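Peer 1: For reference, the structure I am asking about is given below.
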Amino acid sequence: MTPRTALRDPKQDRSRATRRRLLEAAVACLAERGWAGSTVAVVAERAGVSRGAAQHHFPTREDLFTAAVEHVAEERSAELRALPAPHGEGRVPAVVEALITLYTGPLFRAALQLWVAASYEEQLGARVTALEAKIGRETHRMAVELLGADESVPGVREAVQGLLDLGRGLGLANLLTDDGHRRERVVAQWSRILEGILAPKDPDDRPAPDHPAPATS
């Protein structure tokens, strides 16, 4: 006997769809207009719903954008998990390019606006800080896994973290202007540096210990 399948509630489906449209609109508005230009009315208009409907889901602006913080965090985590896992020759450049693309895309652009807002909006600050710490740990773990990095080797952990810091810096620079051409050169150079750091070291390549010169008479 098969279990009875629960009937879907069209009203609940519509409610979830409206909520998602509002969150996606809030993220898009943050990326394009910044915090000051992202009012509930603007977000509602972009989502194609009335202001009353928006306030039914999110009674205050802080409620809306706190939920948007969580939405951005979930979407960024999903992007991370969807990154391909290349192998063999070209692995490091492919991973570096993929990670930098995340930091220069629209979700990170929206996250930057949330950082700015969180710096002076107390209700957002604690939530943004906690979620960014979580995403930072997840991003570092994914980078290590994708690169096949051995963090027990001195300097490797710092090199991976340097890559992520570089990505954030390039994402910030991208707010002001399309920096794609210069970014390509930076990514290529950092890939070469990282390949040298991550390459397995042959014990035979270690420098021989110094020996005192033989005494002369």
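Residues are referred to by chain and number: the chain letter is A, B, ... according to the order shown in the structure tokens, the number counts from 1 in that chain, and ligands are numbered separately from 1 in the order shown.
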Contacts of segment 58-75 of chain A at 8 Å or less, counting only C-alpha atoms, minus same-chain residues fewer than 2 places along, as a VMD selection string?

Peer 2: chain A and resid 23 to 24 26 to 27 39 to 40 54 to 56 77 to 79 107 110 to 111 114 123 to 124 127 to 128 131 to 132 135

Peer 1: Write the residues of the selection above to a file with N, CA, C and O atoms, as an mmCIF file, in the first residue's frame.

Peer 2:
```
data_model
loop_
_atom_site.group_PDB
_atom_site.id
_atom_site.type_symbol
_atom_site.label_atom_id
_atom_site.label_comp_id
_atom_site.auth_asym_id
_atom_site.auth_seq_id
_atom_site.Cartn_x
_atom_site.Cartn_y
_atom_site.Cartn_z
ATOM 1 N N LEU A 23 12.866 38.632 -2.112
ATOM 2 C CA LEU A 23 14.266 38.499 -1.697
ATOM 3 C C LEU A 23 15.202 38.705 -2.883
ATOM 4 O O LEU A 23 16.227 39.398 -2.764
ATOM 5 N N GLU A 24 14.863 38.130 -4.033
ATOM 6 C CA GLU A 24 15.702 38.308 -5.215
ATOM 7 C C GLU A 24 15.711 39.772 -5.660
ATOM 8 O O GLU A 24 16.751 40.303 -6.082
ATOM 9 N N ALA A 26 15.267 42.326 -3.640
ATOM 10 C CA ALA A 26 16.045 43.066 -2.637
ATOM 11 C C ALA A 26 17.533 42.944 -2.923
ATOM 12 O O ALA A 26 18.276 43.933 -2.848
ATOM 13 N N VAL A 27 17.984 41.748 -3.280
ATOM 14 C CA VAL A 27 19.397 41.538 -3.598
ATOM 15 C C VAL A 27 19.788 42.332 -4.837
ATOM 16 O O VAL A 27 20.835 43.001 -4.875
ATOM 17 N N THR A 39 14.605 50.877 -0.963
ATOM 18 C CA THR A 39 13.488 50.958 -0.027
ATOM 19 C C THR A 39 12.529 49.790 -0.262
ATOM 20 O O THR A 39 12.600 49.102 -1.280
ATOM 21 N N VAL A 40 11.610 49.589 0.675
ATOM 22 C CA VAL A 40 10.621 48.524 0.522
ATOM 23 C C VAL A 40 9.780 48.766 -0.727
ATOM 24 O O VAL A 40 9.466 47.839 -1.484
ATOM 25 N N ALA A 54 4.332 43.155 0.171
ATOM 26 C CA ALA A 54 5.713 43.078 0.665
ATOM 27 C C ALA A 54 5.746 43.162 2.183
ATOM 28 O O ALA A 54 6.461 42.387 2.850
ATOM 29 N N GLN A 55 4.939 44.075 2.733
ATOM 30 C CA GLN A 55 4.942 44.249 4.184
ATOM 31 C C GLN A 55 4.227 43.109 4.896
ATOM 32 O O GLN A 55 4.444 42.899 6.087
ATOM 33 N N HIS A 56 3.382 42.383 4.171
ATOM 34 C CA HIS A 56 2.774 41.185 4.760
ATOM 35 C C HIS A 56 3.861 40.145 5.047
ATOM 36 O O HIS A 56 3.836 39.485 6.094
ATOM 37 N N SER A 77 26.591 30.167 -0.992
ATOM 38 C CA SER A 77 26.999 28.810 -0.637
ATOM 39 C C SER A 77 26.661 27.841 -1.757
ATOM 40 O O SER A 77 27.437 26.926 -2.068
ATOM 41 N N ALA A 78 25.497 28.039 -2.383
ATOM 42 C CA ALA A 78 25.110 27.172 -3.501
ATOM 43 C C ALA A 78 26.068 27.339 -4.674
ATOM 44 O O ALA A 78 26.433 26.365 -5.343
ATOM 45 N N GLU A 79 26.492 28.578 -4.944
ATOM 46 C CA GLU A 79 27.470 28.825 -6.002
ATOM 47 C C GLU A 79 28.779 28.098 -5.708
ATOM 48 O O GLU A 79 29.402 27.518 -6.603
ATOM 49 N N LEU A 107 26.146 38.431 -6.902
ATOM 50 C CA LEU A 107 25.856 38.073 -5.516
ATOM 51 C C LEU A 107 26.869 38.698 -4.563
ATOM 52 O O LEU A 107 26.510 39.196 -3.492
ATOM 53 N N ALA A 110 26.160 42.385 -4.233
ATOM 54 C CA ALA A 110 25.090 42.629 -3.266
ATOM 55 C C ALA A 110 25.600 42.452 -1.843
ATOM 56 O O ALA A 110 25.247 43.215 -0.938
ATOM 57 N N ALA A 111 26.456 41.441 -1.633
ATOM 58 C CA ALA A 111 27.008 41.210 -0.296
ATOM 59 C C ALA A 111 27.821 42.408 0.170
ATOM 60 O O ALA A 111 27.764 42.790 1.343
ATOM 61 N N LEU A 114 25.601 44.931 1.504
ATOM 62 C CA LEU A 114 25.138 44.529 2.837
ATOM 63 C C LEU A 114 26.198 44.823 3.888
ATOM 64 O O LEU A 114 25.877 45.219 5.010
ATOM 65 N N GLN A 123 20.799 46.239 13.473
ATOM 66 C CA GLN A 123 20.040 44.998 13.342
ATOM 67 C C GLN A 123 20.619 44.093 12.255
ATOM 68 O O GLN A 123 20.437 42.884 12.292
ATOM 69 N N LEU A 124 21.291 44.679 11.280
ATOM 70 C CA LEU A 124 21.911 43.886 10.232
ATOM 71 C C LEU A 124 23.309 43.422 10.620
ATOM 72 O O LEU A 124 23.763 42.360 10.205
ATOM 73 N N ARG A 127 23.992 39.874 12.195
ATOM 74 C CA ARG A 127 23.635 38.786 11.282
ATOM 75 C C ARG A 127 24.626 38.688 10.124
ATOM 76 O O ARG A 127 25.048 37.600 9.741
ATOM 77 N N VAL A 128 24.978 39.832 9.560
ATOM 78 C CA VAL A 128 25.921 39.840 8.442
ATOM 79 C C VAL A 128 27.278 39.302 8.889
ATOM 80 O O VAL A 128 27.902 38.494 8.202
ATOM 81 N N LEU A 131 27.094 35.447 9.326
ATOM 82 C CA LEU A 131 26.976 34.736 8.062
ATOM 83 C C LEU A 131 28.252 34.838 7.229
ATOM 84 O O LEU A 131 28.653 33.889 6.564
ATOM 85 N N GLU A 132 28.900 36.000 7.260
ATOM 86 C CA GLU A 132 30.146 36.157 6.505
ATOM 87 C C GLU A 132 31.245 35.263 7.071
ATOM 88 O O GLU A 132 32.060 34.716 6.325
ATOM 89 N N ILE A 135 30.459 31.798 5.740
ATOM 90 C CA ILE A 135 30.788 31.683 4.317
ATOM 91 C C ILE A 135 32.292 31.697 4.117
ATOM 92 O O ILE A 135 32.833 30.984 3.261
#
```

Peer 1: With segment 177-200 of chain A as the partner and 12 Å as the cut-off, tabulate the residues of segment 67-167 of chain A that qualify, each row holding the nearest pair of atoms and their distance in Å to one decimal, using only C-alpha atoms, sorted by chain and rising number, as JSON lines.

Peer 2:
```
{"residue": "A:Glu89", "atom": "CA", "partner": "A:Glu195", "partner_atom": "CA", "distance": 10.4}
{"residue": "A:Gly90", "atom": "CA", "partner": "A:Ser191", "partner_atom": "CA", "distance": 9.4}
{"residue": "A:Arg91", "atom": "CA", "partner": "A:Glu195", "partner_atom": "CA", "distance": 9.1}
{"residue": "A:Val92", "atom": "CA", "partner": "A:Ser191", "partner_atom": "CA", "distance": 6.2}
{"residue": "A:Pro93", "atom": "CA", "partner": "A:Ser191", "partner_atom": "CA", "distance": 5.1}
{"residue": "A:Ala94", "atom": "CA", "partner": "A:Ser191", "partner_atom": "CA", "distance": 8.7}
{"residue": "A:Val95", "atom": "CA", "partner": "A:Ser191", "partner_atom": "CA", "distance": 8.9}
{"residue": "A:Val96", "atom": "CA", "partner": "A:Ser191", "partner_atom": "CA", "distance": 6.5}
{"residue": "A:Glu97", "atom": "CA", "partner": "A:Val187", "partner_atom": "CA", "distance": 6.7}
{"residue": "A:Ala98", "atom": "CA", "partner": "A:Val187", "partner_atom": "CA", "distance": 10.3}
{"residue": "A:Leu99", "atom": "CA", "partner": "A:Val187", "partner_atom": "CA", "distance": 10.2}
{"residue": "A:Ile100", "atom": "CA", "partner": "A:Val187", "partner_atom": "CA", "distance": 7.9}
{"residue": "A:Thr101", "atom": "CA", "partner": "A:Arg183", "partner_atom": "CA", "distance": 10.2}
{"residue": "A:Tyr103", "atom": "CA", "partner": "A:Arg183", "partner_atom": "CA", "distance": 11.7}
{"residue": "A:Thr104", "atom": "CA", "partner": "A:Gly180", "partner_atom": "CA", "distance": 9.4}
{"residue": "A:Gly105", "atom": "CA", "partner": "A:Asp178", "partner_atom": "CA", "distance": 11.4}
{"residue": "A:Val144", "atom": "CA", "partner": "A:Leu198", "partner_atom": "CA", "distance": 10.5}
{"residue": "A:Leu147", "atom": "CA", "partner": "A:Leu198", "partner_atom": "CA", "distance": 8.4}
{"residue": "A:Gly148", "atom": "CA", "partner": "A:Leu198", "partner_atom": "CA", "distance": 8.4}
{"residue": "A:Ala149", "atom": "CA", "partner": "A:Leu198", "partner_atom": "CA", "distance": 6.3}
{"residue": "A:Asp150", "atom": "CA", "partner": "A:Leu198", "partner_atom": "CA", "distance": 7.7}
{"residue": "A:Glu151", "atom": "CA", "partner": "A:Leu198", "partner_atom": "CA", "distance": 9.5}
{"residue": "A:Ser152", "atom": "CA", "partner": "A:Leu198", "partner_atom": "CA", "distance": 11.3}
{"residue": "A:Val153", "atom": "CA", "partner": "A:Leu198", "partner_atom": "CA", "distance": 8.8}
{"residue": "A:Pro154", "atom": "CA", "partner": "A:Ile197", "partner_atom": "CA", "distance": 9.7}
{"residue": "A:Gly155", "atom": "CA", "partner": "A:Ile197", "partner_atom": "CA", "distance": 7.8}
{"residue": "A:Val156", "atom": "CA", "partner": "A:Ile197", "partner_atom": "CA", "distance": 6.8}
{"residue": "A:Arg157", "atom": "CA", "partner": "A:Leu198", "partner_atom": "CA", "distance": 10.1}
{"residue": "A:Glu158", "atom": "CA", "partner": "A:Ile197", "partner_atom": "CA", "distance": 10.4}
{"residue": "A:Ala159", "atom": "CA", "partner": "A:Leu194", "partner_atom": "CA", "distance": 7.0}
{"residue": "A:Val160", "atom": "CA", "partner": "A:Leu194", "partner_atom": "CA", "distance": 8.1}
{"residue": "A:Gln161", "atom": "CA", "partner": "A:Leu194", "partner_atom": "CA", "distance": 11.2}
{"residue": "A:Gly162", "atom": "CA", "partner": "A:Trp190", "partner_atom": "CA", "distance": 9.6}
{"residue": "A:Leu163", "atom": "CA", "partner": "A:Trp190", "partner_atom": "CA", "distance": 7.8}
{"residue": "A:Leu164", "atom": "CA", "partner": "A:Trp190", "partner_atom": "CA", "distance": 11.3}
{"residue": "A:Asp165", "atom": "CA", "partner": "A:Trp190", "partner_atom": "CA", "distance": 11.9}
{"residue": "A:Leu166", "atom": "CA", "partner": "A:Trp190", "partner_atom": "CA", "distance": 9.1}
{"residue": "A:Gly167", "atom": "CA", "partner": "A:Val187", "partner_atom": "CA", "distance": 9.2}
```

Peer 1: Generate the output file for the selected residues, N, CA, C and O atoms, as a short mmCIF file (atom, residue, chain, number, x, y, z; two decimals), in the first residue's frame.

Peer 2:
```
data_model
loop_
_atom_site.label_atom_id
_atom_site.label_comp_id
_atom_site.auth_asym_id
_atom_site.auth_seq_id
_atom_site.Cartn_x
_atom_site.Cartn_y
_atom_site.Cartn_z
N GLU A 89 46.51 18.90 -15.44
CA GLU A 89 47.14 20.14 -15.85
C GLU A 89 46.09 21.24 -16.03
O GLU A 89 45.03 21.02 -16.58
N GLY A 90 46.40 22.41 -15.55
CA GLY A 90 45.46 23.52 -15.63
C GLY A 90 44.50 23.60 -14.47
O GLY A 90 43.61 24.46 -14.44
N ARG A 91 44.67 22.70 -13.48
CA ARG A 91 43.75 22.68 -12.35
C ARG A 91 43.78 24.00 -11.57
O ARG A 91 42.73 24.59 -11.30
N VAL A 92 44.98 24.46 -11.22
CA VAL A 92 45.08 25.66 -10.39
C VAL A 92 44.51 26.88 -11.10
O VAL A 92 43.69 27.60 -10.52
N PRO A 93 44.89 27.18 -12.35
CA PRO A 93 44.30 28.34 -13.02
C PRO A 93 42.78 28.26 -13.12
O PRO A 93 42.09 29.28 -12.96
N ALA A 94 42.24 27.05 -13.35
CA ALA A 94 40.79 26.90 -13.46
C ALA A 94 40.10 27.22 -12.13
O ALA A 94 39.06 27.89 -12.10
N VAL A 95 40.68 26.76 -11.02
CA VAL A 95 40.09 27.02 -9.70
C VAL A 95 40.21 28.50 -9.35
O VAL A 95 39.25 29.10 -8.86
N VAL A 96 41.36 29.08 -9.61
CA VAL A 96 41.56 30.51 -9.32
C VAL A 96 40.55 31.34 -10.11
O VAL A 96 39.89 32.23 -9.56
N GLU A 97 40.39 31.04 -11.39
CA GLU A 97 39.43 31.78 -12.23
C GLU A 97 38.02 31.63 -11.71
O GLU A 97 37.26 32.59 -11.64
N ALA A 98 37.64 30.40 -11.31
CA ALA A 98 36.28 30.16 -10.82
C ALA A 98 36.01 30.93 -9.53
O ALA A 98 34.94 31.52 -9.35
N LEU A 99 36.97 30.93 -8.62
CA LEU A 99 36.78 31.64 -7.35
C LEU A 99 36.73 33.15 -7.56
O LEU A 99 35.89 33.83 -6.96
N ILE A 100 37.60 33.67 -8.41
CA ILE A 100 37.59 35.11 -8.68
C ILE A 100 36.27 35.52 -9.33
O ILE A 100 35.73 36.59 -9.04
N THR A 101 35.73 34.66 -10.20
CA THR A 101 34.44 34.96 -10.83
C THR A 101 33.34 35.09 -9.79
O THR A 101 32.46 35.96 -9.91
N TYR A 103 33.72 36.20 -6.78
CA TYR A 103 33.92 37.46 -6.06
C TYR A 103 33.62 38.69 -6.92
O TYR A 103 33.51 39.79 -6.39
N THR A 104 33.52 38.52 -8.23
CA THR A 104 33.24 39.66 -9.10
C THR A 104 31.84 39.59 -9.69
O THR A 104 31.50 40.38 -10.57
N GLY A 105 31.02 38.64 -9.22
CA GLY A 105 29.67 38.48 -9.72
C GLY A 105 28.64 39.28 -8.93
O GLY A 105 28.96 39.93 -7.92
N VAL A 144 40.52 24.84 -0.65
CA VAL A 144 41.53 23.82 -0.34
C VAL A 144 41.19 22.51 -1.05
O VAL A 144 42.06 21.86 -1.65
N LEU A 147 41.63 22.86 -4.94
CA LEU A 147 43.04 22.98 -5.32
C LEU A 147 43.84 21.73 -4.99
O LEU A 147 44.96 21.56 -5.48
N GLY A 148 43.27 20.85 -4.15
CA GLY A 148 44.03 19.70 -3.69
C GLY A 148 45.21 20.12 -2.83
O GLY A 148 46.28 19.51 -2.88
N ALA A 149 45.01 21.18 -2.05
CA ALA A 149 46.09 21.76 -1.26
C ALA A 149 46.31 20.98 0.03
O ALA A 149 45.36 20.53 0.67
N ASP A 150 47.56 20.86 0.42
CA ASP A 150 47.94 20.20 1.67
C ASP A 150 48.35 21.29 2.67
O ASP A 150 49.45 21.83 2.62
N GLU A 151 47.42 21.61 3.58
CA GLU A 151 47.67 22.71 4.50
C GLU A 151 48.64 22.35 5.62
O GLU A 151 48.96 23.22 6.44
N SER A 152 49.09 21.10 5.67
CA SER A 152 50.12 20.77 6.64
C SER A 152 51.49 21.29 6.19
O SER A 152 52.42 21.36 6.99
N VAL A 153 51.59 21.65 4.91
CA VAL A 153 52.84 22.20 4.38
C VAL A 153 52.91 23.68 4.76
O VAL A 153 51.96 24.43 4.52
N PRO A 154 54.01 24.12 5.38
CA PRO A 154 54.12 25.53 5.78
C PRO A 154 53.87 26.48 4.61
O PRO A 154 54.40 26.27 3.51
N GLY A 155 53.04 27.47 4.84
CA GLY A 155 52.78 28.50 3.85
C GLY A 155 51.60 28.24 2.95
O GLY A 155 51.08 29.17 2.31
N VAL A 156 51.12 26.99 2.88
CA VAL A 156 50.03 26.68 1.96
C VAL A 156 48.72 27.31 2.43
O VAL A 156 47.98 27.90 1.64
N ARG A 157 48.42 27.21 3.72
CA ARG A 157 47.18 27.80 4.23
C ARG A 157 47.15 29.31 3.96
O ARG A 157 46.13 29.86 3.53
N GLU A 158 48.26 29.96 4.19
CA GLU A 158 48.33 31.41 3.97
C GLU A 158 48.18 31.75 2.49
O GLU A 158 47.58 32.77 2.13
N ALA A 159 48.72 30.88 1.63
CA ALA A 159 48.61 31.12 0.18
C ALA A 159 47.16 31.01 -0.28
O ALA A 159 46.69 31.81 -1.09
N VAL A 160 46.43 30.01 0.24
CA VAL A 160 45.02 29.86 -0.11
C VAL A 160 44.22 31.05 0.41
O VAL A 160 43.37 31.61 -0.30
N GLN A 161 44.49 31.46 1.64
CA GLN A 161 43.78 32.61 2.19
C GLN A 161 44.12 33.87 1.41
O GLN A 161 43.26 34.73 1.19
N GLY A 162 45.37 33.97 0.96
CA GLY A 162 45.75 35.11 0.13
C GLY A 162 44.96 35.16 -1.16
O GLY A 162 44.59 36.25 -1.63
N LEU A 163 44.68 34.00 -1.75
CA LEU A 163 43.86 33.94 -2.95
C LEU A 163 42.47 34.50 -2.68
O LEU A 163 41.93 35.29 -3.47
N LEU A 164 41.87 34.11 -1.55
CA LEU A 164 40.53 34.58 -1.23
C LEU A 164 40.52 36.07 -0.92
O LEU A 164 39.59 36.80 -1.31
N ASP A 165 41.57 36.55 -0.24
CA ASP A 165 41.67 37.99 0.01
C ASP A 165 41.83 38.76 -1.30
O ASP A 165 41.27 39.85 -1.47
N LEU A 166 42.60 38.19 -2.23
CA LEU A 166 42.76 38.80 -3.54
C LEU A 166 41.42 38.88 -4.25
O LEU A 166 41.07 39.91 -4.85
N GLY A 167 40.63 37.81 -4.16
CA GLY A 167 39.32 37.81 -4.79
C GLY A 167 38.42 38.90 -4.24
O GLY A 167 37.73 39.59 -5.01
#
```

Peer 1: Between A:Ala130, A:Ala31, A:Leu146, A:Arg137, which has the minimum distance to Gly88 of chain A (counting only C-alpha atoms)?

Peer 2: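 Closest candidate: A:Leu146.
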
Peer 1: Need to verify the contact set: Glu32 of chain A, 12 Å, only C-alpha atoms, exclusion of same-chain residues closer than 4 positions in sequence. Can you return it as a list in words?

Peer 2: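 Those residues are Ala25, Ala26, Val27, Ala28, Ala36, Gly37, Ser38, Val42, Val43, Arg46, Pro106, Leu107, Phe108, Arg109, Ala110, Ala111, Leu112, Gln113, Leu175 and Leu176 of chain A.
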
Peer 1: Using the selection just defined, write its residues with N, CA and C atoms as a PDB file, in the first residue's frame.

Peer 2:
```
ATOM      1  N   ALA A  25      14.557  40.428  -5.555  1.00  0.00           N
ATOM      2  CA  ALA A  25      14.495  41.853  -5.899  1.00  0.00           C
ATOM      3  C   ALA A  25      15.309  42.688  -4.927  1.00  0.00           C
ATOM      4  N   ALA A  26      15.267  42.326  -3.640  1.00  0.00           N
ATOM      5  CA  ALA A  26      16.045  43.066  -2.637  1.00  0.00           C
ATOM      6  C   ALA A  26      17.533  42.944  -2.923  1.00  0.00           C
ATOM      7  N   VAL A  27      17.984  41.748  -3.280  1.00  0.00           N
ATOM      8  CA  VAL A  27      19.397  41.538  -3.598  1.00  0.00           C
ATOM      9  C   VAL A  27      19.788  42.332  -4.837  1.00  0.00           C
ATOM     10  N   ALA A  28      18.935  42.299  -5.879  1.00  0.00           N
ATOM     11  CA  ALA A  28      19.228  43.030  -7.116  1.00  0.00           C
ATOM     12  C   ALA A  28      19.271  44.532  -6.861  1.00  0.00           C
ATOM     13  N   ALA A  36      20.909  52.949   0.382  1.00  0.00           N
ATOM     14  CA  ALA A  36      20.047  54.129   0.442  1.00  0.00           C
ATOM     15  C   ALA A  36      18.927  54.062  -0.589  1.00  0.00           C
ATOM     16  N   GLY A  37      19.195  53.486  -1.748  1.00  0.00           N
ATOM     17  CA  GLY A  37      18.183  53.449  -2.795  1.00  0.00           C
ATOM     18  C   GLY A  37      17.298  52.224  -2.771  1.00  0.00           C
ATOM     19  N   SER A  38      17.496  51.360  -1.797  1.00  0.00           N
ATOM     20  CA  SER A  38      16.746  50.092  -1.752  1.00  0.00           C
ATOM     21  C   SER A  38      15.667  50.161  -0.671  1.00  0.00           C
ATOM     22  N   VAL A  42      10.600  50.345  -3.511  1.00  0.00           N
ATOM     23  CA  VAL A  42      11.385  50.053  -4.710  1.00  0.00           C
ATOM     24  C   VAL A  42      11.503  48.546  -4.922  1.00  0.00           C
ATOM     25  N   VAL A  43      11.763  47.820  -3.843  1.00  0.00           N
ATOM     26  CA  VAL A  43      11.892  46.363  -3.933  1.00  0.00           C
ATOM     27  C   VAL A  43      10.567  45.739  -4.364  1.00  0.00           C
ATOM     28  N   ARG A  46       9.954  46.275  -8.050  1.00  0.00           N
ATOM     29  CA  ARG A  46      10.810  45.400  -8.862  1.00  0.00           C
ATOM     30  C   ARG A  46      10.303  43.960  -8.831  1.00  0.00           C
ATOM     31  N   PRO A 106      27.378  39.237  -9.353  1.00  0.00           N
ATOM     32  CA  PRO A 106      26.327  40.060  -8.734  1.00  0.00           C
ATOM     33  C   PRO A 106      26.018  39.713  -7.286  1.00  0.00           C
ATOM     34  N   LEU A 107      26.146  38.431  -6.902  1.00  0.00           N
ATOM     35  CA  LEU A 107      25.856  38.073  -5.516  1.00  0.00           C
ATOM     36  C   LEU A 107      26.869  38.698  -4.563  1.00  0.00           C
ATOM     37  N   PHE A 108      28.147  38.669  -4.945  1.00  0.00           N
ATOM     38  CA  PHE A 108      29.140  39.292  -4.073  1.00  0.00           C
ATOM     39  C   PHE A 108      28.971  40.808  -4.071  1.00  0.00           C
ATOM     40  N   ARG A 109      28.576  41.373  -5.207  1.00  0.00           N
ATOM     41  CA  ARG A 109      28.313  42.811  -5.271  1.00  0.00           C
ATOM     42  C   ARG A 109      27.212  43.194  -4.277  1.00  0.00           C
ATOM     43  N   ALA A 110      26.160  42.385  -4.233  1.00  0.00           N
ATOM     44  CA  ALA A 110      25.090  42.629  -3.266  1.00  0.00           C
ATOM     45  C   ALA A 110      25.600  42.452  -1.843  1.00  0.00           C
ATOM     46  N   ALA A 111      26.456  41.441  -1.633  1.00  0.00           N
ATOM     47  CA  ALA A 111      27.008  41.210  -0.296  1.00  0.00           C
ATOM     48  C   ALA A 111      27.821  42.408   0.170  1.00  0.00           C
ATOM     49  N   LEU A 112      28.575  43.026  -0.744  1.00  0.00           N
ATOM     50  CA  LEU A 112      29.347  44.214  -0.376  1.00  0.00           C
ATOM     51  C   LEU A 112      28.432  45.337   0.102  1.00  0.00           C
ATOM     52  N   GLN A 113      27.301  45.500  -0.574  1.00  0.00           N
ATOM     53  CA  GLN A 113      26.353  46.531  -0.146  1.00  0.00           C
ATOM     54  C   GLN A 113      25.797  46.213   1.239  1.00  0.00           C
ATOM     55  N   LEU A 175      33.460  47.190  -8.259  1.00  0.00           N
ATOM     56  CA  LEU A 175      32.316  48.051  -7.973  1.00  0.00           C
ATOM     57  C   LEU A 175      32.420  49.373  -8.716  1.00  0.00           C
ATOM     58  N   LEU A 176      33.633  49.855  -8.884  1.00  0.00           N
ATOM     59  CA  LEU A 176      33.836  51.182  -9.455  1.00  0.00           C
ATOM     60  C   LEU A 176      33.953  51.163 -10.970  1.00  0.00           C
TER      61      LEU A 176
END
```

Peer 1: Please run DSSP on the backbone and report, as a ChimeraX atom specification, all residues within chain A that come out as helix (DSSP H, G or I).

Peer 2: /A:10-33,40-47,51-57,61-81,91-103,106-118,122-147,156-176,180-198,203-205

Peer 1: Check the smallest atom-to-atom distance from each of A:Leu102, A:Ala133, A:Leu170, A:Ala117 to Leu80 of chain A using only C-alpha atoms, then report the winner.

Peer 2: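 Of A:Leu102, A:Ala133, A:Leu170, A:Ala117, the one nearest Leu80 of chain A is A:Leu102, counting only C-alpha atoms.
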